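As stored in query-v1.cif (mmCIF, C-alpha atoms, pLDDT in the B column; chains and numbers go by the auth columns):
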```cif
data_protein
#
loop_
_atom_site.group_PDB
_atom_site.id
_atom_site.type_symbol
_atom_site.label_atom_id
_atom_site.label_comp_id
_atom_site.label_asym_id
_atom_site.label_seq_id
_atom_site.Cartn_x
_atom_site.Cartn_y
_atom_site.Cartn_z
_atom_site.B_iso_or_equiv
_atom_site.auth_seq_id
_atom_site.auth_asym_id
ATOM 1 C CA MET A 1 72.169 -5.545 95.115 44.00 685 A
ATOM 2 C CA LYS A 2 69.964 -8.457 94.167 47.00 686 A
ATOM 3 C CA THR A 3 71.114 -12.020 94.162 46.00 687 A
ATOM 4 C CA SER A 4 70.182 -14.640 91.647 50.00 688 A
ATOM 5 C CA PRO A 5 67.965 -17.574 92.528 52.00 689 A
ATOM 6 C CA ASP A 6 71.141 -19.640 93.031 50.00 690 A
ATOM 7 C CA GLY A 7 72.719 -16.957 95.302 52.00 691 A
ATOM 8 C CA LEU A 8 75.113 -15.190 92.872 49.00 692 A
ATOM 9 C CA ALA A 9 75.510 -11.599 94.089 51.00 693 A
ATOM 10 C CA GLY A 10 75.279 -8.845 91.496 52.00 694 A
ATOM 11 C CA TRP A 11 73.194 -10.899 89.112 51.00 695 A
ATOM 12 C CA LYS A 12 70.433 -8.993 87.353 57.00 696 A
ATOM 13 C CA TRP A 13 67.083 -10.565 88.066 60.00 697 A
ATOM 14 C CA TRP A 14 66.038 -10.016 84.454 66.00 698 A
ATOM 15 C CA THR A 15 67.547 -10.249 81.016 77.00 699 A
ATOM 16 C CA GLU A 16 66.679 -7.593 78.438 82.00 700 A
ATOM 17 C CA VAL A 17 66.024 -8.994 74.965 81.00 701 A
ATOM 18 C CA VAL A 18 64.843 -7.992 71.514 83.00 702 A
ATOM 19 C CA ALA A 19 62.163 -10.466 70.500 80.00 703 A
ATOM 20 C CA ARG A 20 62.397 -11.709 66.963 77.00 704 A
ATOM 21 C CA ALA A 21 59.074 -13.459 66.618 75.00 705 A
ATOM 22 C CA GLY A 22 56.053 -13.649 64.406 71.00 706 A
ATOM 23 C CA VAL A 23 52.967 -11.601 65.089 72.00 707 A
ATOM 24 C CA TRP A 24 51.698 -11.804 68.659 79.00 708 A
ATOM 25 C CA SER A 25 48.016 -10.971 68.851 77.00 709 A
ATOM 26 C CA ASP A 26 48.426 -9.797 72.469 88.00 710 A
ATOM 27 C CA TYR A 27 51.888 -8.300 72.938 91.00 711 A
ATOM 28 C CA ALA A 28 51.021 -6.867 76.360 94.00 712 A
ATOM 29 C CA GLU A 29 50.126 -10.314 77.690 95.00 713 A
ATOM 30 C CA ARG A 30 53.301 -11.860 76.248 93.00 714 A
ATOM 31 C CA TYR A 31 55.345 -8.985 77.706 92.00 715 A
ATOM 32 C CA ARG A 32 53.865 -9.679 81.151 92.00 716 A
ATOM 33 C CA GLU A 33 54.428 -13.459 80.896 92.00 717 A
ATOM 34 C CA LEU A 34 58.046 -13.023 79.861 90.00 718 A
ATOM 35 C CA ALA A 35 58.657 -10.434 82.587 89.00 719 A
ATOM 36 C CA GLU A 36 57.414 -12.936 85.160 88.00 720 A
ATOM 37 C CA ALA A 37 60.006 -15.376 83.779 86.00 721 A
ATOM 38 C CA GLY A 38 62.784 -12.786 84.172 86.00 722 A
ATOM 39 C CA ILE A 39 62.890 -11.716 80.525 88.00 723 A
ATOM 40 C CA ARG A 40 62.284 -8.047 79.753 89.00 724 A
ATOM 41 C CA LEU A 41 61.477 -7.177 76.168 90.00 725 A
ATOM 42 C CA VAL A 42 63.179 -3.993 74.979 89.00 726 A
ATOM 43 C CA HIS A 43 59.881 -2.422 73.889 89.00 727 A
ATOM 44 C CA THR A 44 57.082 -1.817 76.364 91.00 728 A
ATOM 45 C CA PRO A 45 53.552 -2.655 75.230 92.00 729 A
ATOM 46 C CA GLU A 46 52.948 1.055 74.609 92.00 730 A
ATOM 47 C CA GLN A 47 56.095 1.376 72.467 91.00 731 A
ATOM 48 C CA HIS A 48 55.121 -1.764 70.573 89.00 732 A
ATOM 49 C CA LEU A 49 51.712 -0.303 69.685 88.00 733 A
ATOM 50 C CA GLN A 50 53.332 2.975 68.636 88.00 734 A
ATOM 51 C CA ALA A 51 55.650 1.161 66.244 85.00 735 A
ATOM 52 C CA THR A 52 53.369 -1.529 64.850 82.00 736 A
ATOM 53 C CA GLU A 53 49.729 -0.483 64.671 82.00 737 A
ATOM 54 C CA LEU A 54 48.626 2.076 62.100 83.00 738 A
ATOM 55 C CA PRO A 55 46.185 3.984 64.321 86.00 739 A
ATOM 56 C CA HIS A 56 49.013 4.618 66.801 88.00 740 A
ATOM 57 C CA TRP A 57 51.746 5.789 64.402 87.00 741 A
ATOM 58 C CA TYR A 58 49.807 7.348 61.536 89.00 742 A
ATOM 59 C CA PRO A 59 48.904 10.614 63.344 90.00 743 A
ATOM 60 C CA LYS A 60 52.617 11.328 63.774 90.00 744 A
ATOM 61 C CA LEU A 61 53.329 10.829 60.050 90.00 745 A
ATOM 62 C CA THR A 62 50.285 12.252 58.274 91.00 746 A
ATOM 63 C CA ASP A 63 52.407 14.734 56.341 93.00 747 A
ATOM 64 C CA LEU A 64 54.849 11.998 55.236 93.00 748 A
ATOM 65 C CA THR A 65 52.548 9.195 54.110 86.00 749 A
ATOM 66 C CA PRO A 66 49.526 8.814 51.834 86.00 750 A
ATOM 67 C CA ARG A 67 46.097 9.428 53.339 87.00 751 A
ATOM 68 C CA SER A 68 45.051 6.390 55.310 89.00 752 A
ATOM 69 C CA VAL A 69 41.840 5.183 56.877 90.00 753 A
ATOM 70 C CA TRP A 70 41.163 2.169 59.050 87.00 754 A
ATOM 71 C CA PHE A 71 38.105 0.312 60.182 88.00 755 A
ATOM 72 C CA ASP A 72 37.095 -1.743 63.210 84.00 756 A
ATOM 73 C CA GLU A 73 35.669 -4.352 60.826 86.00 757 A
ATOM 74 C CA ARG A 74 36.372 -5.076 57.166 87.00 758 A
ATOM 75 C CA PRO A 75 34.552 -2.490 55.073 93.00 759 A
ATOM 76 C CA ASP A 76 32.600 -3.289 51.957 95.00 760 A
ATOM 77 C CA ALA A 77 33.849 -2.197 48.546 97.00 761 A
ATOM 78 C CA GLU A 78 31.292 0.596 48.282 97.00 762 A
ATOM 79 C CA THR A 79 32.556 2.230 51.496 97.00 763 A
ATOM 80 C CA VAL A 80 36.160 2.065 50.291 96.00 764 A
ATOM 81 C CA GLU A 81 35.218 3.527 46.933 97.00 765 A
ATOM 82 C CA ARG A 82 33.258 6.358 48.566 96.00 766 A
ATOM 83 C CA LEU A 83 36.087 7.247 50.976 95.00 767 A
ATOM 84 C CA LEU A 84 39.144 6.704 48.790 95.00 768 A
ATOM 85 C CA GLY A 85 38.317 5.749 45.224 95.00 769 A
ATOM 86 C CA TRP A 86 40.436 3.235 43.302 96.00 770 A
ATOM 87 C CA PRO A 87 43.179 2.067 43.329 96.00 771 A
ATOM 88 C CA VAL A 88 43.928 1.532 47.037 94.00 772 A
ATOM 89 C CA PHE A 89 46.693 -0.115 49.028 90.00 773 A
ATOM 90 C CA VAL A 90 45.297 -2.581 51.570 86.00 774 A
ATOM 91 C CA LYS A 91 47.025 -3.775 54.691 78.00 775 A
ATOM 92 C CA GLY A 92 45.952 -5.202 57.989 71.00 776 A
ATOM 93 C CA GLU A 93 46.448 -3.357 61.239 65.00 777 A
ATOM 94 C CA ARG A 94 49.962 -4.795 61.524 57.00 778 A
ATOM 95 C CA GLN A 95 50.636 -6.916 58.491 58.00 779 A
ATOM 96 C CA THR A 96 50.318 -6.646 54.778 59.00 780 A
ATOM 97 C CA SER A 97 50.408 -9.253 52.090 57.00 781 A
ATOM 98 C CA ARG A 98 52.896 -7.271 50.027 56.00 782 A
ATOM 99 C CA HIS A 99 54.295 -10.472 48.603 67.00 783 A
ATOM 100 C CA ARG A 100 50.899 -10.966 46.928 75.00 784 A
ATOM 101 C CA LYS A 101 50.169 -7.915 44.835 80.00 785 A
ATOM 102 C CA SER A 102 46.546 -8.989 44.341 81.00 786 A
ATOM 103 C CA LEU A 103 45.961 -8.674 48.109 83.00 787 A
ATOM 104 C CA SER A 104 47.576 -5.298 48.586 84.00 788 A
ATOM 105 C CA LEU A 105 47.239 -3.213 45.401 91.00 789 A
ATOM 106 C CA ILE A 106 43.521 -3.176 44.717 94.00 790 A
ATOM 107 C CA GLU A 107 42.235 -1.761 41.439 96.00 791 A
ATOM 108 C CA GLY A 108 38.466 -2.014 41.926 97.00 792 A
ATOM 109 C CA PRO A 109 35.445 -3.404 43.796 97.00 793 A
ATOM 110 C CA GLU A 110 35.586 -7.014 42.573 97.00 794 A
ATOM 111 C CA GLN A 111 39.292 -7.353 43.337 96.00 795 A
ATOM 112 C CA PHE A 112 38.607 -5.806 46.760 96.00 796 A
ATOM 113 C CA ARG A 113 35.927 -8.434 47.513 96.00 797 A
ATOM 114 C CA GLN A 114 38.335 -11.200 46.480 94.00 798 A
ATOM 115 C CA ALA A 115 41.100 -9.736 48.637 90.00 799 A
ATOM 116 C CA MET A 116 38.811 -9.498 51.680 90.00 800 A
ATOM 117 C CA ALA A 117 37.786 -13.143 51.204 91.00 801 A
ATOM 118 C CA ALA A 118 41.478 -14.120 51.049 87.00 802 A
ATOM 119 C CA TYR A 119 42.273 -12.052 54.169 84.00 803 A
ATOM 120 C CA ALA A 120 39.465 -13.841 56.035 86.00 804 A
ATOM 121 C CA LYS A 121 41.068 -17.229 55.299 86.00 805 A
ATOM 122 C CA ASP A 122 44.719 -16.254 55.833 76.00 806 A
ATOM 123 C CA PRO A 123 46.247 -17.601 59.093 71.00 807 A
ATOM 124 C CA ILE A 124 48.034 -14.300 59.833 66.00 808 A
ATOM 125 C CA LEU A 125 45.831 -11.690 58.211 68.00 809 A
ATOM 126 C CA HIS A 126 42.400 -13.019 59.250 61.00 810 A
ATOM 127 C CA TRP A 127 42.263 -11.203 62.596 58.00 811 A
ATOM 128 C CA GLN A 128 43.376 -7.857 61.202 59.00 812 A
#
```
Written as structure tokens, that's how I'd like the structure from this file.
Amino acid sequence: MKTSPDGLAGWKWWTEVVARAGVWSDYAERYRELAEAGIRLVHTPEQHLQATELPHWYPKLTDLTPRSVWFDERPDAETVERLLGWPVFVKGERQTSRHRKSLSLIEGPEQFRQAMAAYAKDPILHWQ
């Protein structure tokens, strides 16, 4: 049985928590930092990726969700049109701007260019 830093027998050396936070760009690093402080997040870094990032969960749901593609860098409108046609639903790897229809439901190439410019400037969406 472990003892706490102040000598209390039976004390768990960690506390398990559910983090209710904004987007962390490096969950694995935050997980490690919190673990060192005695806080264990409920979801491991692997479970977090499985639940939050499209490339990790999409293969398990291909028969339940519309066809999806993702890119390492923002594609141009011509690539999107060639692969999917219009309209398309746009979202970042983790986040969407569903509260702004013009950034998520894209009807054509010019609207796509405008949406990509807005994503590039957005404090949350820019890195996705």
Compare A:Ser786, A:Thr763, A:Ser709, A:Thr699 by their minimum atom-to-atom distance to Thr736 in chain A, counting all atoms listed in the file, and give me the closest one.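 For Thr736 in chain A, the nearest of the given residues is A:Ser709.
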So how many Å separate CA of His732 in chain A and CA of Ser752 in chain A, to one decimal?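 Computed distance, CA of His732 in chain A to CA of Ser752 in chain A, equals 20.0 Å.
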Could you check which of A:Arg751, A:Val707, A:Val702, A:Gly722 is closest to Leu768 in chain A, using all atoms listed in the file?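 Closest to Leu768 in chain A of all the choices is A:Arg751.
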Applied to this file, what does the PyMOL selection byres ((chain A and resi 791) around 7) return in terms of residues, put as number ranges by chain? A: 770-772, 789-790, 792, 795
Can you turn the PyMOL selection byres ((chain A and resi 774) around 9) into a concrete residue list for this file, as a VMD selection string? chain A and resid 772 to 773 775 to 776 780 to 781 787 to 790 796 799
Near Arg758 in chain A, within 9 Å and counting only C-alpha atoms, which residues show up once chain neighbours fewer than 2 positions away are dropped, as a list in words?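 Listing them by chain and then by number gives Trp754, Phe755, Asp756, Asp760, Met800 and Gln812 of chain A.
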